[in-house]
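Structure file model-v3.cif (mmCIF, C-alpha atoms and all ligand atoms) follows.
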```cif
data_upload
#
loop_
_atom_site.label_atom_id
_atom_site.label_comp_id
_atom_site.auth_asym_id
_atom_site.auth_seq_id
_atom_site.Cartn_x
_atom_site.Cartn_y
_atom_site.Cartn_z
CA MET A 14 29.47 -0.95 -17.64
CA PRO A 15 31.91 0.02 -20.42
CA ALA A 16 34.49 0.95 -17.78
CA ASP A 17 34.16 -2.49 -16.21
CA THR A 18 34.74 -4.24 -19.55
CA THR A 19 37.83 -2.13 -20.21
CA ALA A 20 39.32 -2.90 -16.83
CA ARG A 21 38.78 -6.61 -17.23
CA SER A 22 40.16 -6.88 -20.74
CA ARG A 23 43.23 -4.87 -19.76
CA SER A 24 44.20 -7.37 -17.09
CA SER A 25 43.29 -10.59 -18.90
CA ALA A 26 43.93 -9.92 -22.59
CA PRO A 27 47.77 -10.03 -22.56
CA ARG A 28 47.78 -13.34 -20.71
CA ALA A 29 45.35 -14.99 -23.11
CA HIS A 30 47.62 -14.05 -26.02
CA GLY A 31 50.76 -15.30 -24.38
CA ALA A 32 52.49 -12.03 -23.55
CA GLY A 33 54.81 -11.07 -20.75
CA PHE A 34 55.80 -14.12 -18.75
CA VAL A 35 52.94 -16.17 -20.21
CA LEU A 36 53.85 -18.60 -22.98
CA ASP A 37 51.22 -19.81 -25.41
CA VAL A 38 52.14 -23.38 -26.36
CA ARG A 39 49.14 -24.25 -28.55
CA SER A 40 51.30 -24.34 -31.68
CA LEU A 41 53.74 -26.71 -29.97
CA GLY A 42 51.28 -29.59 -30.00
CA ARG A 43 51.43 -32.58 -27.69
CA ALA A 44 53.58 -34.94 -29.75
CA PRO A 45 56.51 -35.81 -27.44
CA GLY A 46 59.73 -34.36 -28.82
CA SER A 47 58.02 -31.44 -30.50
CA MET A 48 60.09 -28.35 -29.78
CA ARG A 49 59.96 -24.58 -30.13
CA GLU A 50 62.37 -21.84 -29.30
CA LEU A 51 61.36 -18.43 -28.09
CA ARG A 52 63.24 -15.22 -27.43
CA ARG A 53 61.30 -12.42 -25.86
CA THR A 54 61.92 -9.16 -24.06
CA VAL A 55 59.49 -8.63 -21.21
CA ILE A 56 59.00 -5.27 -19.53
CA THR A 57 58.16 -5.98 -15.90
CA THR A 58 54.93 -4.54 -14.57
CA GLU A 59 55.72 -5.36 -10.95
CA ARG A 60 58.83 -5.71 -8.85
CA LEU A 61 60.18 -9.26 -8.60
CA GLY A 62 62.58 -10.48 -5.95
CA LEU A 63 63.45 -9.98 -2.32
CA ASP A 64 63.05 -7.06 0.09
CA LEU A 65 66.56 -5.66 -0.38
CA VAL A 66 67.26 -6.64 -3.98
CA GLY A 67 65.06 -7.37 -6.97
CA VAL A 68 64.11 -6.73 -10.58
CA PRO A 69 62.46 -3.28 -10.60
CA VAL A 70 59.23 -2.30 -12.35
CA GLY A 71 59.83 -1.38 -15.99
CA ALA A 72 62.98 -3.49 -16.30
CA GLU A 73 63.80 -5.27 -19.56
CA VAL A 74 63.97 -9.00 -18.96
CA GLU A 75 65.50 -11.13 -21.73
CA LEU A 76 64.00 -14.59 -22.04
CA ASP A 77 65.79 -17.15 -24.20
CA LEU A 78 63.76 -20.33 -23.95
CA ARG A 79 63.24 -23.74 -25.43
CA MET A 80 59.87 -25.42 -24.96
CA GLN A 81 59.77 -29.15 -25.48
CA SER A 82 56.74 -31.39 -25.43
CA VAL A 83 57.17 -34.44 -23.17
CA SER A 84 54.59 -37.04 -22.17
CA GLU A 85 53.55 -35.29 -18.92
CA GLY A 86 53.71 -31.70 -20.07
CA VAL A 87 56.05 -29.10 -21.47
CA LEU A 88 59.67 -28.89 -20.41
CA VAL A 89 60.93 -25.31 -20.38
CA THR A 90 64.67 -24.74 -20.42
CA GLY A 91 66.61 -21.55 -21.01
CA THR A 92 67.75 -18.34 -19.41
CA PHE A 93 66.25 -15.29 -17.77
CA ASP A 94 68.44 -12.16 -17.74
CA ALA A 95 67.42 -9.02 -15.91
CA PRO A 96 68.81 -5.94 -14.23
CA VAL A 97 68.39 -5.71 -10.47
CA THR A 98 68.44 -2.81 -8.06
CA GLY A 99 69.15 -3.21 -4.41
CA GLU A 100 70.16 -1.65 -1.16
CA CYS A 101 73.50 -2.69 0.29
CA SER A 102 72.96 -4.52 3.57
CA ARG A 103 76.22 -3.06 4.98
CA CYS A 104 76.30 0.59 3.90
CA LEU A 105 72.63 1.07 2.85
CA GLU A 106 73.61 2.59 -0.51
CA GLN A 107 71.53 1.84 -3.61
CA PHE A 108 73.27 -0.28 -6.23
CA THR A 109 72.51 -1.89 -9.59
CA ASP A 110 73.51 -5.31 -10.82
CA THR A 111 72.23 -8.06 -13.10
CA VAL A 112 70.86 -11.52 -12.43
CA GLN A 113 70.74 -14.56 -14.66
CA LEU A 114 68.59 -17.60 -13.99
CA SER A 115 69.00 -20.96 -15.67
CA LEU A 116 65.56 -22.46 -15.97
CA THR A 117 64.77 -26.16 -16.33
CA GLU A 118 61.22 -26.92 -15.35
CA LEU A 119 58.36 -29.19 -16.28
CA PHE A 120 54.92 -27.64 -16.59
CA ALA A 121 52.45 -30.49 -16.26
CA TYR A 122 49.46 -30.89 -18.55
CA PRO A 123 46.18 -30.34 -16.63
CA ASP A 124 45.05 -33.94 -17.17
CA SER A 125 48.40 -35.70 -16.81
CA ALA A 126 49.27 -38.30 -14.17
CA THR A 127 51.81 -35.82 -12.77
CA ASP A 128 49.07 -33.22 -12.36
CA GLN A 129 46.81 -35.69 -10.58
CA THR A 130 49.39 -37.25 -8.27
CA ALA A 131 51.62 -34.32 -7.33
CA ASP A 132 50.80 -31.81 -4.60
CA ASP A 133 50.14 -28.18 -5.50
CA ASP A 134 53.62 -27.02 -4.53
CA GLU A 135 55.47 -29.97 -6.06
CA VAL A 136 55.05 -29.18 -9.73
CA TYR A 137 54.20 -26.19 -11.91
CA ARG A 138 51.11 -26.65 -14.03
CA MET A 139 49.84 -25.41 -17.35
CA ARG A 140 46.48 -23.72 -17.49
CA ASP A 141 44.69 -24.41 -20.76
CA ASP A 142 47.52 -24.09 -23.27
CA LEU A 143 49.32 -21.40 -21.33
CA ILE A 144 52.45 -21.54 -19.21
CA ASP A 145 52.88 -18.75 -16.69
CA LEU A 146 56.58 -18.42 -15.96
CA GLU A 147 56.12 -15.83 -13.26
CA PRO A 148 55.71 -18.21 -10.27
CA LEU A 149 58.81 -20.09 -11.42
CA VAL A 150 60.77 -16.86 -11.87
CA VAL A 151 59.72 -15.59 -8.44
CA ASP A 152 60.79 -18.89 -6.82
CA GLN A 153 64.11 -18.96 -8.67
CA LEU A 154 64.89 -15.32 -7.88
CA GLY A 155 64.28 -16.13 -4.23
CA LEU A 156 66.98 -18.80 -4.43
CA GLU A 157 69.43 -16.85 -6.59
CA LEU A 158 69.36 -13.37 -5.09
CA PRO A 159 71.36 -12.78 -1.90
CA LEU A 160 69.42 -12.26 1.33
CA GLN A 161 72.10 -9.76 2.40
CA PRO A 162 73.11 -8.01 -0.82
CA LEU A 163 76.28 -5.93 -1.03
CA CYS A 164 77.10 -2.93 -3.25
CA SER A 165 80.53 -4.50 -3.73
CA PRO A 166 82.09 -7.64 -2.24
CA ASP A 167 84.52 -5.59 -0.12
CA CYS A 168 82.02 -2.98 1.10
CA GLN A 169 83.36 -1.53 4.35
CA GLY A 170 79.90 -0.61 5.63
CA LEU A 171 79.21 2.18 8.08
CA CYS A 172 81.27 3.56 10.95
CA PRO A 173 79.82 1.92 14.09
CA GLU A 174 80.38 5.16 16.02
CA CYS A 175 78.91 7.86 13.77
CA GLY A 176 77.23 5.98 10.88
CA VAL A 177 79.26 7.62 8.10
CA ARG A 178 79.97 5.43 5.08
CA MET A 179 83.49 4.12 5.42
CA ALA A 180 83.94 4.34 1.62
CA ILE A 181 83.77 8.16 1.81
CA ALA A 182 85.18 8.58 5.33
CA GLY A 183 88.59 7.14 4.43
CA SER A 184 90.72 4.52 6.09
CA ASP A 185 92.03 6.93 8.78
CA HIS A 186 88.49 7.63 10.02
CA GLY A 187 88.11 6.92 13.71
CA HIS A 188 86.84 8.26 16.98
CA GLU A 189 88.45 8.96 20.29
CA ILE A 190 86.42 7.16 22.87
CA LEU A 191 85.59 9.83 25.42
CA ASP A 192 84.99 9.09 29.04
CA PRO A 193 81.18 9.43 29.29
CA ARG A 194 81.62 11.73 32.32
CA TRP A 195 83.38 14.27 30.06
CA ALA A 196 81.22 13.76 26.94
CA GLY A 197 79.05 16.75 27.84
CA LEU A 198 82.08 19.04 27.62
CA ALA A 199 82.76 18.06 24.00
CA LYS A 200 80.28 20.63 22.71
CA PHE A 201 82.50 23.43 24.02
CA ALA A 202 85.50 22.16 22.10
CA PRO A 203 86.81 24.23 19.14
CA GLY A 204 85.29 23.25 15.80
CA SER A 205 81.97 22.07 17.23
CA PRO A 206 78.72 23.70 15.99
CA GLY A 207 78.29 27.19 17.40
CA SER A 208 81.95 27.82 18.07
CA GLY A 209 82.31 29.82 14.87
CA SER A 210 84.03 28.75 11.69
CA PRO A 211 86.54 30.92 9.84
CA ASP A 212 85.43 29.87 6.35
CA LYS A 213 81.72 30.53 6.93
CA GLY A 214 81.64 33.55 4.61
CA ALA A 215 83.15 31.70 1.68
CA ALA A 216 79.91 29.96 0.73
CA THR A 217 77.96 33.20 0.17
CA GLY A 218 80.04 34.51 -2.75
CA ASN A 219 79.25 34.33 -6.44
CA HIS A 220 77.00 31.31 -6.74
CA PRO A 221 77.21 29.24 -9.98
CA THR A 222 73.43 29.33 -10.42
CA ASP A 223 73.44 33.16 -10.14
CA THR A 224 75.90 33.35 -13.01
CA ALA A 225 73.78 31.02 -15.12
CA ARG A 226 70.66 33.05 -14.50
CA ASN A 227 72.39 36.33 -15.38
CA SER A 228 73.60 35.00 -18.71
CA THR A 229 70.15 33.80 -19.76
CA GLU A 230 68.66 37.22 -18.91
CA GLU A 231 71.14 38.91 -21.22
CA ASN A 232 69.81 36.96 -24.21
ZN ZN B 1 77.83 -1.21 0.56
ZN ZN B 2 82.69 7.55 12.51
#
```
Encoded form (structure tokens):
Amino acid sequence: MPADTTARSRSSAPRAHGAGFVLDVRSLGRAPGSMRELRRTVITTERLGLDLVGVPVGAEVELDLRMQSVSEGVLVTGTFDAPVTGECSRCLEQFTDTVQLSLTELFAYPDSATDQTADDDEVYRMRDDLIDLEPLVVDQLGLELPLQPLCSPDCQGLCPECGVRMAIAGSDHGHEILDPRWAGLAKFAPGSPGSGSPDKGAATGNHPTDTARNSTEEN
């Protein structure tokens, strides 16, 4: 029984106190025009974003927000800044970047006309005196982040013949298109695996790690 209590309080306590992406607006009051500003750094506990690019777990998200009481709810405006990690859709390399969202959204009071007349997916809603920004952030990231992210705008991608990254292969990289009837003979050509390489012995000389180990033993 104690274990059960611990598990439940761990998942619900931060939300009740307005931590993470949850804003506690009790002190704002309901007088229209009442306003509060809030800056907060949130450490993400789950990945947010799309399959190929998103805000990773443990990222520092900077929230700079203004919460304003209006007749139907609380209007949240401000910015969301976060690092993103992704996989380039052309060359498959990992890359890092940042994303900024500009947020302007009404969170309707539970008993407001907006709450009662709008469909579930038409408006974000407050629960008690709490605003959970996470659904809004997830929706906005889905619109802002690219479906086909690139490591750089001019990424050259992969060689269609051999799959090497063009960024490391160089601009003169290319392949002779062999007649398929002769392709089987290519393995006998000089330089192919098994034909022997003159610089094979060079790699087995004095290894840097051997030197490092010897010097620590002398101490
Ligand atoms: Zn790339
Ligand atoms: Zn190639």
With the cut-off set at 10 Å and counting all atoms listed in the file, tabulate each residue of chain A with an atom at most that distance from an atom of ligand ZN 1 (chain B), showing the nearest atom pair and its distance in Å to one decimal, ordered by chain and increasing number, as a tab-separated table.
```
residue	atom	partner	partner_atom	distance
A:Glu100	CA	B:ZN1	ZN	7.9
A:Cys101	CA	B:ZN1	ZN	4.6
A:Ser102	CA	B:ZN1	ZN	6.6
A:Arg103	CA	B:ZN1	ZN	5.1
A:Cys104	CA	B:ZN1	ZN	4.1
A:Leu105	CA	B:ZN1	ZN	6.1
A:Glu106	CA	B:ZN1	ZN	5.8
A:Gln107	CA	B:ZN1	ZN	8.1
A:Phe108	CA	B:ZN1	ZN	8.2
A:Pro162	CA	B:ZN1	ZN	8.4
A:Leu163	CA	B:ZN1	ZN	5.2
A:Cys164	CA	B:ZN1	ZN	4.2
A:Ser165	CA	B:ZN1	ZN	6.0
A:Pro166	CA	B:ZN1	ZN	8.2
A:Asp167	CA	B:ZN1	ZN	8.0
A:Cys168	CA	B:ZN1	ZN	4.6
A:Gln169	CA	B:ZN1	ZN	6.7
A:Gly170	CA	B:ZN1	ZN	5.5
A:Leu171	CA	B:ZN1	ZN	8.4
A:Arg178	CA	B:ZN1	ZN	8.3
A:Met179	CA	B:ZN1	ZN	9.2
A:Ala180	CA	B:ZN1	ZN	8.3
```
Inset, instruction - Calculate how many Å separate CA of Thr90 (chain A) from CA of Phe120 (chain A), rounding to one decimal. - result: 10.9 Å
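For the choices A:Pro96, A:Gly91, A:Gly86, A:Gly176, the atom-to-atom distance to Gly71 (chain A) is smallest for A:Pro96 when using only C-alpha atoms.
CA of Pro173 (chain A) to CA of Gln161 (chain A) spans 18.2 Å [interatomic distance, one decimal].
The interatomic distance for the pair CA of Leu51 (chain A) and CA of Glu157 (chain A) works out to 23.0 Å.
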Within 7 Å of ligand ZN 2 (chain B), counting all atoms listed in the file, which protein or nucleic acid residues do you find, written as a PDB file with C-alpha atoms, in the frame of the given file?
```
ATOM      1  CA  CYS A 172      81.270   3.560  10.950  1.00  0.00           C
ATOM      2  CA  PRO A 173      79.820   1.920  14.090  1.00  0.00           C
ATOM      3  CA  GLU A 174      80.380   5.160  16.020  1.00  0.00           C
ATOM      4  CA  CYS A 175      78.910   7.860  13.770  1.00  0.00           C
ATOM      5  CA  GLY A 176      77.230   5.980  10.880  1.00  0.00           C
ATOM      6  CA  VAL A 177      79.260   7.620   8.100  1.00  0.00           C
ATOM      7  CA  HIS A 186      88.490   7.630  10.020  1.00  0.00           C
ATOM      8  CA  GLY A 187      88.110   6.920  13.710  1.00  0.00           C
ATOM      9  CA  HIS A 188      86.840   8.260  16.980  1.00  0.00           C
TER      10      HIS A 188
END
```
Legend entry - Close residues, region 140-154 of chain A itself excluded, 6 Å, all atoms listed in the file, min 2 positions apart in chain, as a list in words: Phe34, Val35, Leu36, Asp37, Val38, Arg39, Gly62, Leu156, Glu157 and Leu158 of chain A
Mind dumping a table of every region 65-167 of chain A residue within 8 Å of region 55-61 of chain A, with the nearest atom pair and its distance in Å to one decimal, using only C-alpha atoms, sorted by chain and rising number, as CSV?
```
residue,atom,partner,partner_atom,distance
A:Gly67,CA,A:Leu61,CA,5.5
A:Val68,CA,A:Leu61,CA,5.1
A:Pro69,CA,A:Arg60,CA,4.7
A:Val70,CA,A:Glu59,CA,4.9
A:Gly71,CA,A:Thr57,CA,4.9
A:Ala72,CA,A:Ile56,CA,5.4
A:Glu73,CA,A:Ile56,CA,4.8
A:Val74,CA,A:Val55,CA,5.0
A:Glu75,CA,A:Val55,CA,6.5
A:Leu76,CA,A:Val55,CA,7.5
A:Val151,CA,A:Leu61,CA,6.3
A:Leu154,CA,A:Leu61,CA,7.7
```
Legend entry - Pick from A:Asp133, A:Asp64, A:Gly33, A:Thr92 nearest to Glu50 (chain A), counting all atoms listed in the file: A:Thr92
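Among the candidates A:Met139, A:Val97, A:Ala44, A:Leu114, the one nearest to Leu78 (chain A) when counting all atoms listed in the file is A:Leu114.
Of the listed residues A:Thr54, A:Gln81, A:Ser40, A:Thr98, the one whose atoms come nearest to Ala121 (chain A) is A:Gln81, with distances taken using only C-alpha atoms.
Each of A:Glu189, A:Asp124, A:Pro159, A:Asp134 was compared to Asp110 (chain A) using all atoms listed in the file, and A:Pro159 turns out to be the nearest.
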Legend entry - Using all atoms listed in the file: which of A:Ala131, A:Ala95, A:Leu65, A:Ile181 has the shortest distance to Asp77 (chain A): A:Ala95
